[in-house]
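Below is one structure, written out as structure tokens, with a few remarks after it.
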Number of protein chains: 2
Amino acid sequence: MSSLLLSSQMDNQLSDLVNKELKVDVAAPNKSPENDKAGNHSKRTENDKDGNHSKGSQNEKGGSQSKGKGKSGKFVLKTPKGTRDYGPMEMAYRREVFNVIYSVFHMHGAVQIETPVFELKDVLTGKYGEDSKLIYDLEDQGGEILSLRYDLTVPFARYVAMNKIDNIKRYHVARVYRRDSPAMTRGRYREFYQCDFDIAGQFDAMIPDAECVQLVHQVLSKLGLGEFTIKINHRKILDGVFGSCGVPSEKFRPICSAVDKLDKSPWEEVRKEMVDEKGLDEEVADKIGNYVKLSGREELLETLANDELLKSSPSAQAGFADLKLLFQYCKSLGCAEHLVFDMGLARGLDYYTGVIYEAVLTAGQNFGEEGPVGSVAGGGRYDGLVGMFDPKKKTVPCVGLSFGIERLFTIYEQKMRAESNKVRATQTEVFVVTACKGMVHERLKLLGLLHEAGIKAEGSYKNNPKILNQLQYAEDNKIPLVALIGESEVEAGVVKIRDTVTREETTIKREELVETVRQKLGGL
Amino acid sequence: MSSLLLSSQMDNQLSDLVNKELKVDVAAPNKSPENDKAGNHSKRTENDKDGNHSKGSQNEKGGSQSKGKGKSGKFVLKTPKGTRDYGPMEMAYRREVFNVIYSVFHMHGAVQIETPVFELKDVLTGKYGEDSKLIYDLEDQGGEILSLRYDLTVPFARYVAMNKIDNIKRYHVARVYRRDSPAMTRGRYREFYQCDFDIAGQFDAMIPDAECVQLVHQVLSKLGLGEFTIKINHRKILDGVFGSCGVPSEKFRPICSAVDKLDKSPWEEVRKEMVDEKGLDEEVADKIGNYVKLSGREELLETLANDELLKSSPSAQAGFADLKLLFQYCKSLGCAEHLVFDMGLARGLDYYTGVIYEAVLTAGQNFGEEGPVGSVAGGGRYDGLVGMFDPKKKTVPCVGLSFGIERLFTIYEQKMRAESNKVRATQTEVFVVTACKGMVHERLKLLGLLHEAGIKAEGSYKNNPKILNQLQYAEDNKIPLVALIGESEVEAGVVKIRDTVTREETTIKREELVETVRQKLGGL
């Protein structure tokens, strides 16, 4: 049948026959089991009998729960607690998100750096407060005492200090490690990506800070994840509020860390923490409450700058001046529309010294059913961190941000699936199909020809694959074009080009193959 | 002067003045200190006074030797032994090499996967023989016993077995960890990239194997690193030779591992190891010597297949049959020209079971003065590894390869520097320059406009930067275009576009800016 199929007179009838045998649902969007958490993917792909490789797509979401006891019972086949493998489709979504983010980084002229996955333990010591207990240590195997990095900011500060860099605008995308209680259904892992952009250097007020806000604005806009808000605040404003309300200065950071919980807890709980755990007077806590519940736009800045209590706080006034300037710069840059001045934004980390910001996707705009995702980017100014590494305590002011890239991956994937967008694990453009036996060399020659021209092409790994299985494979994998040859085609020096979606076939001369493929791909 | 400069009548004279003041060597290729190993880069970039960020380019090659004792003397500022940071220029070269390799992987329809940086220690146990002592262990912090991955092949086999994958063609690029004696001047580190491509699945003989050879051929050709050879051999041929020469079967792997040293040691030393260390009879060793010194093309395969001793070895004959087919397939794919059948190629790892190959750059074709770089890619068939992880010992045949990506980076960088190719750390296309004071908002508006159009643009972080410093920055950083505005330009609604190389300026309407920039960039 195969060679008959390709005699030119019978083309259409036999193509029809073949098409009837092809599964009807092949053009459906790539559905991978959304909630398949068990990872026990024993199902084999059906179209897997003929030397086409299924790319492991059945294994999406395969997690660390997949177990297999060896005969001896001693060996459990899994990934370490809190970690997982990422399969082909997940990596394809990730590549798309990264490409958007990298393009914005490059738009800003950022350079890329890379640091080791582990640091001397001393480098990390004293930088993370309570969270230090979450650091992974390496075993002492008779050398230096090492720990896995906990974030990318401390290694960046170490890099700047060690290399005596005066100024740099860099990005760094890499995984970090925290021995946290994993909550894998909520996307919290012990190994996860961070995606950081920072500007180090002594510059004029708020110009680099505004660039960071602009960059968040650009990335979120380009990813098209719906409405978002960029909350801003200033550590000096918070300190001014704390001071004016009567918080003793040694309690500024603990009280700040309580305020940080306002995005997850109601004020009453935060107040309780301030009073019961952190020993604040009730009336001081209540005074703070009057301020940290406020949020608004520029007008609120103006109002608070003239507030009876804060008027006499140089710290608060310095913060207001910065934020006013930031608003103005963001207007000039065209990214002020999403800015909200939120007095309740505090950010957890101790090292921030100036402007802080956090981007949240607006509730109701999230894809999937998991409710608001909260913060997808955050950062701020930290002018003291580099100095902690410099022997002469010479510091380099820094401002930066980190994307919650794992959250962005999840939301982007949900959006793509919701919109039935065709994200493919591969980029293959042409599948080379042979219609009769003994044609493996002809298939390879065609593959060599297409690759030589830079066209992404694959073929079966079987000597004599069945034509139906090959065509099915192309459809299943959404490979747009098939280049089909049988004995008669080879004799006549022609190739049949088949459009995988419409199933239309045209016969062209072999020497026109590359040009025809390019034209057809250009028109898709 | 600044605002005068921009009055249209005086343009040319003043541009001349400005140009005379600009340093003359600015267009010289980016030289970074090749042998600056100390990492004590106390030199500051000269053009760093005016809010332009120097991107840390003075810090290339900053290594772990950079030290700074704190006042307390307890703290040494360095990266862990055998590791280093990678600065902006190095990352730019790396991105170029990766882009070439990724494009070839995608040309073959490979999918991407990612696995955790650490595995359960049990997963790695018993896979690396003697080298197991080089594995980094994590401290037991009250959980699972973990080790950093040693390569990407064992995690891949674990992934395939755990997810019960029948077939997959995947790539994986990530860093691996070996507590080896670092030889950093020779590029041997404890943390380094591996770049792997593997095909798992039960397929017809030599079709996937030929694709691996083709892929190596394509990557090395596209990188343009000069002539190369792809040596091939077959474990079954080696086993056939060992058996026919009288090596007892339990010594096959140790003797194979001795043969593996032939690329670095003369035969006499290898023979000594066989006889003295591994207890082989002298005449057996000499017989082996007659074979492993041979190399040639297809004719040698034919000759050896009819060799008196090997004619009766089913193992050797199976190997010869495979290699003959491999040669034929490679011819059809158009990648046979660099193939050399080398009987002395053994590959170190125990797990290979069939075809093995290794690509070497031909001596004399290397850039820089470090002599031949040796192997830049290697791999082979390993049909038993996945079965080691499967509870029922069900195996999935695999064939794959790994690029010596760190070597390729080094050679590529040497080549680019030798050819004075302009590789830049950033991709910035336009530097926005303001010519007088009080124009920061105008600068930001122009940046917002260019970014909105997807044009990569930067500006100074100073309120009132000096025009000369801004222009110098654009030249130093090889930013092709400058968009220049002063008060008169803003009033007249025009922008001056300056070509950084020719220093030619043209004045255009502000609304033509994006289109003009695109045209000029397209013509560069």
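If you're wondering about the labels, chains in the structure tokens are A, B, ... by order shown, residues count from 1 in each chain, ligands from 1 in order shown.
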Range 215-253 of chain B: which residues are strand (DSSP E or B) by DSSP, as a PyMOL selection string? chain B and resi 228-234
So which residues touch range 294-310 of chain B within 8 Å, counting only C-alpha atoms, skipping near sequence neighbours fewer than 2 positions away, as a PDB file with C-alpha atoms, in the first residue's frame?
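What landed in result30.pdb:
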```
ATOM      1  CA  GLY B 240      36.278  -8.776  20.964  1.00  0.00           C
ATOM      2  CA  VAL B 241      39.913  -7.747  20.763  1.00  0.00           C
ATOM      3  CA  SER B 244      40.614 -12.801  21.185  1.00  0.00           C
ATOM      4  CA  ASN B 290      48.864  -4.386  17.623  1.00  0.00           C
ATOM      5  CA  TYR B 291      45.194  -3.493  17.446  1.00  0.00           C
ATOM      6  CA  VAL B 292      44.720  -0.383  19.553  1.00  0.00           C
ATOM      7  CA  SER B 312      35.849 -15.709  15.014  1.00  0.00           C
ATOM      8  CA  SER B 313      34.785 -13.120  17.613  1.00  0.00           C
ATOM      9  CA  ALA B 316      33.952  -7.870  17.373  1.00  0.00           C
ATOM     10  CA  GLN B 317      31.927  -8.795  14.282  1.00  0.00           C
ATOM     11  CA  PHE B 320      32.159  -3.974  12.886  1.00  0.00           C
ATOM     12  CA  LEU B 323      30.248   0.806  12.552  1.00  0.00           C
ATOM     13  CA  LYS B 324      29.837  -0.046   8.858  1.00  0.00           C
ATOM     14  CA  PHE B 327      29.513   5.128   8.302  1.00  0.00           C
ATOM     15  CA  LEU B 339      34.794  10.316  10.892  1.00  0.00           C
ATOM     16  CA  VAL B 340      37.865   8.295  11.853  1.00  0.00           C
ATOM     17  CA  PHE B 341      37.693   4.729  13.095  1.00  0.00           C
ATOM     18  CA  ASP B 342      40.170   4.748  15.971  1.00  0.00           C
ATOM     19  CA  MET B 343      40.846   1.408  17.684  1.00  0.00           C
ATOM     20  CA  GLY B 344      42.572   3.245  20.546  1.00  0.00           C
TER      21      GLY B 344
END
```
Just want the 7 Å neighbourhood of Ala174 in chain B, counted on only C-alpha atoms, with same-chain residues fewer than 5 positions away dropped. Output as an MDAnalysis selection string. chainID B and resid 193:195
I'd like to know which of A:Val440, A:Cys256, A:Val495, A:Cys212 is closest to Lys462 in chain A, using only C-alpha atoms.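 Answer, going by the shortest atom-to-atom distance: A:Val440.
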Near Arg190 in chain A, within 7 Å and counting only C-alpha atoms, which residues show up once chain neighbours fewer than 6 positions away are dropped, as a ChimeraX atom specification? /A:82-83,177-180,182
Would you export the selected residues with C-alpha atoms as an mmCIF file, in the first residue's frame, please?
```
data_model
loop_
_atom_site.group_PDB
_atom_site.id
_atom_site.type_symbol
_atom_site.label_atom_id
_atom_site.label_comp_id
_atom_site.auth_asym_id
_atom_site.auth_seq_id
_atom_site.Cartn_x
_atom_site.Cartn_y
_atom_site.Cartn_z
ATOM 1 C CA GLY A 82 11.095 19.632 48.182
ATOM 2 C CA THR A 83 12.594 19.223 44.715
ATOM 3 C CA TYR A 177 18.182 26.607 48.105
ATOM 4 C CA ARG A 178 16.132 26.786 51.302
ATOM 5 C CA ARG A 179 15.477 23.942 53.729
ATOM 6 C CA ASP A 180 11.956 25.237 54.221
ATOM 7 C CA PRO A 182 7.995 22.402 51.227
#
```
Just asking: which residues within range 235-442 of chain A are helix (DSSP H, G or I) according to DSSP, as a ChimeraX atom specification? /A:235-245,249-263,267-277,282-292,298-305,310-312,314-333,386-388,405-418,440-442
So how many Å separate CA of Ile508 in chain A and CA of Gly486 in chain A, to one decimal?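 CA of Gly486 in chain A lies 13.4 Å from CA of Ile508 in chain A.
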Shell of 6 Å around Val482 in chain A, only C-alpha atoms, local chain residues under 2 positions omitted, as a ChimeraX atom specification: /A:430-432,497-498
Selected residue of minimal separation from chain A among B:Glu114, B:Glu90, B:Glu227, B:Glu269, counting only C-alpha atoms: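 Comparing B:Glu114, B:Glu90, B:Glu227, B:Glu269 against chain A, the winner is B:Glu114.
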Report, in Å to a single decimal, how far apart CA of Ala157 in chain B and CA of Val386 in chain B are.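 Computing it gives 4.7 Å between the two atoms.
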Fewer than 3 positions away in the same chain doesn't count, so skip those; otherwise give me all residues within 10 Å of Lys456 in chain A, counting only C-alpha atoms, as a list of chain:residue names.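 Contacts, with the query itself left out: A:Thr426, A:Gln427, A:Thr428, A:Glu429, A:Val430, A:Phe431, A:Leu447, A:Leu450, A:His451, A:Glu452, A:Ala453, A:Ile479, B:Ser103, B:Val104, B:Phe105, B:His106, B:Met107, B:His108, B:Gly109.
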So that I can check the surroundings of Gly354 in chain B, please list as a VMD selection string every protein, DNA and RNA residue that reaches within 9 Å of it, counting only C-alpha atoms and ignoring chain neighbours fewer than 5 positions away. chain B and resid 233 to 237 319 322 380 to 383 399
Could you save those same residues with all heavy atoms as an mmCIF file, in the first residue's frame?
```
data_model
loop_
_atom_site.group_PDB
_atom_site.id
_atom_site.type_symbol
_atom_site.label_atom_id
_atom_site.label_comp_id
_atom_site.auth_asym_id
_atom_site.auth_seq_id
_atom_site.Cartn_x
_atom_site.Cartn_y
_atom_site.Cartn_z
ATOM 1 N N ASN B 233 34.651 4.317 17.802
ATOM 2 C CA ASN B 233 35.019 2.940 18.077
ATOM 3 C C ASN B 233 33.783 2.265 18.669
ATOM 4 O O ASN B 233 32.694 2.862 18.698
ATOM 5 C CB ASN B 233 36.225 2.880 19.030
ATOM 6 C CG ASN B 233 36.925 1.522 19.008
ATOM 7 O OD1 ASN B 233 36.549 0.624 18.257
ATOM 8 N ND2 ASN B 233 37.935 1.368 19.846
ATOM 9 N N HIS B 234 33.931 1.044 19.126
ATOM 10 C CA HIS B 234 32.775 0.277 19.589
ATOM 11 C C HIS B 234 33.240 -0.603 20.745
ATOM 12 O O HIS B 234 34.250 -1.285 20.635
ATOM 13 C CB HIS B 234 32.237 -0.574 18.434
ATOM 14 C CG HIS B 234 30.820 -1.024 18.611
ATOM 15 N ND1 HIS B 234 30.427 -1.864 19.619
ATOM 16 C CD2 HIS B 234 29.697 -0.746 17.885
ATOM 17 C CE1 HIS B 234 29.110 -2.096 19.499
ATOM 18 N NE2 HIS B 234 28.644 -1.418 18.453
ATOM 19 N N ARG B 235 32.531 -0.555 21.839
ATOM 20 C CA ARG B 235 32.917 -1.359 22.992
ATOM 21 C C ARG B 235 32.948 -2.855 22.649
ATOM 22 O O ARG B 235 33.767 -3.604 23.174
ATOM 23 C CB ARG B 235 31.952 -1.108 24.165
ATOM 24 C CG ARG B 235 32.305 0.116 24.980
ATOM 25 C CD ARG B 235 33.526 -0.108 25.852
ATOM 26 N NE ARG B 235 34.045 1.119 26.427
ATOM 27 C CZ ARG B 235 33.706 1.597 27.619
ATOM 28 N NH1 ARG B 235 32.816 0.960 28.365
ATOM 29 N NH2 ARG B 235 34.242 2.718 28.060
ATOM 30 N N LYS B 236 32.048 -3.276 21.765
ATOM 31 C CA LYS B 236 32.049 -4.699 21.399
ATOM 32 C C LYS B 236 33.292 -5.073 20.607
ATOM 33 O O LYS B 236 33.762 -6.206 20.679
ATOM 34 C CB LYS B 236 30.786 -5.036 20.601
ATOM 35 C CG LYS B 236 29.535 -5.079 21.474
ATOM 36 C CD LYS B 236 28.322 -5.572 20.707
ATOM 37 C CE LYS B 236 27.104 -5.585 21.629
ATOM 38 N NZ LYS B 236 25.845 -5.685 20.867
ATOM 39 N N ILE B 237 33.812 -4.129 19.834
ATOM 40 C CA ILE B 237 35.066 -4.406 19.125
ATOM 41 C C ILE B 237 36.203 -4.534 20.139
ATOM 42 O O ILE B 237 36.998 -5.480 20.089
ATOM 43 C CB ILE B 237 35.376 -3.297 18.092
ATOM 44 C CG1 ILE B 237 34.297 -3.264 17.009
ATOM 45 C CG2 ILE B 237 36.761 -3.501 17.482
ATOM 46 C CD1 ILE B 237 34.467 -2.151 15.977
ATOM 47 N N GLY B 319 30.305 -5.451 16.412
ATOM 48 C CA GLY B 319 30.787 -4.069 16.435
ATOM 49 C C GLY B 319 31.116 -3.554 15.046
ATOM 50 O O GLY B 319 30.750 -2.434 14.675
ATOM 51 N N ASP B 322 27.971 -2.765 13.138
ATOM 52 C CA ASP B 322 27.406 -1.480 13.582
ATOM 53 C C ASP B 322 28.152 -0.305 12.952
ATOM 54 O O ASP B 322 27.537 0.616 12.419
ATOM 55 C CB ASP B 322 27.499 -1.356 15.113
ATOM 56 C CG ASP B 322 26.272 -1.928 15.830
ATOM 57 O OD1 ASP B 322 25.309 -2.332 15.149
ATOM 58 O OD2 ASP B 322 26.289 -1.971 17.077
ATOM 59 N N GLY B 380 28.467 8.076 23.635
ATOM 60 C CA GLY B 380 28.323 6.723 23.145
ATOM 61 C C GLY B 380 27.028 6.097 23.598
ATOM 62 O O GLY B 380 26.150 6.775 24.151
ATOM 63 N N ARG B 381 26.946 4.814 23.357
ATOM 64 C CA ARG B 381 25.724 4.073 23.672
ATOM 65 C C ARG B 381 25.863 3.401 25.039
ATOM 66 O O ARG B 381 26.896 2.810 25.345
ATOM 67 C CB ARG B 381 25.482 3.033 22.570
ATOM 68 C CG ARG B 381 24.290 2.119 22.803
ATOM 69 C CD ARG B 381 23.800 1.448 21.531
ATOM 70 N NE ARG B 381 23.068 2.385 20.677
ATOM 71 C CZ ARG B 381 21.806 2.759 20.890
ATOM 72 N NH1 ARG B 381 21.124 2.284 21.919
ATOM 73 N NH2 ARG B 381 21.222 3.612 20.074
ATOM 74 N N TYR B 382 24.827 3.550 25.854
ATOM 75 C CA TYR B 382 24.815 2.916 27.189
ATOM 76 C C TYR B 382 23.438 2.308 27.388
ATOM 77 O O TYR B 382 22.509 2.963 27.784
ATOM 78 C CB TYR B 382 25.180 3.936 28.284
ATOM 79 C CG TYR B 382 24.395 5.219 28.280
ATOM 80 C CD1 TYR B 382 23.359 5.430 29.162
ATOM 81 C CD2 TYR B 382 24.700 6.251 27.390
ATOM 82 C CE1 TYR B 382 22.616 6.606 29.170
ATOM 83 C CE2 TYR B 382 23.969 7.422 27.382
ATOM 84 C CZ TYR B 382 22.930 7.595 28.266
ATOM 85 O OH TYR B 382 22.199 8.769 28.254
ATOM 86 N N ASP B 383 23.341 1.027 27.092
ATOM 87 C CA ASP B 383 22.024 0.388 27.068
ATOM 88 C C ASP B 383 21.591 -0.153 28.429
ATOM 89 O O ASP B 383 20.451 -0.577 28.591
ATOM 90 C CB ASP B 383 22.007 -0.738 26.026
ATOM 91 C CG ASP B 383 21.963 -0.180 24.606
ATOM 92 O OD1 ASP B 383 21.705 1.034 24.452
ATOM 93 O OD2 ASP B 383 22.200 -0.949 23.648
ATOM 94 N N VAL B 399 21.590 6.396 23.818
ATOM 95 C CA VAL B 399 22.824 6.847 23.193
ATOM 96 C C VAL B 399 22.854 8.358 23.355
ATOM 97 O O VAL B 399 21.810 9.011 23.326
ATOM 98 C CB VAL B 399 22.906 6.399 21.710
ATOM 99 C CG1 VAL B 399 21.788 7.015 20.878
ATOM 100 C CG2 VAL B 399 24.263 6.723 21.109
#
```
With only C-alpha atoms as the atoms that count, which of B:Phe228, B:Phe203, B:Tyr412, B:Tyr352 lies nearest to chain A?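 Closest candidate: B:Phe203.
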Considering only C-alpha atoms, can you say which of B:Lys287, B:Lys293, B:Arg149, B:Arg503 comes closest to chain A?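 Among B:Lys287, B:Lys293, B:Arg149, B:Arg503, it is B:Arg149 that comes nearest to chain A.
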Which residue gives the smallest distance to Leu326 in chain A among A:Asp263, A:Pro155, A:Val213, A:Glu119, with only C-alpha atoms counted?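 Using only C-alpha atoms, Leu326 in chain A sits closest to A:Val213.
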Could you state the separation of CA of Glu283 in chain A and CA of Ile255 in chain A in Å, given to one decimal place?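 One can read the CA of Glu283 in chain A to CA of Ile255 in chain A distance as 14.2 Å.
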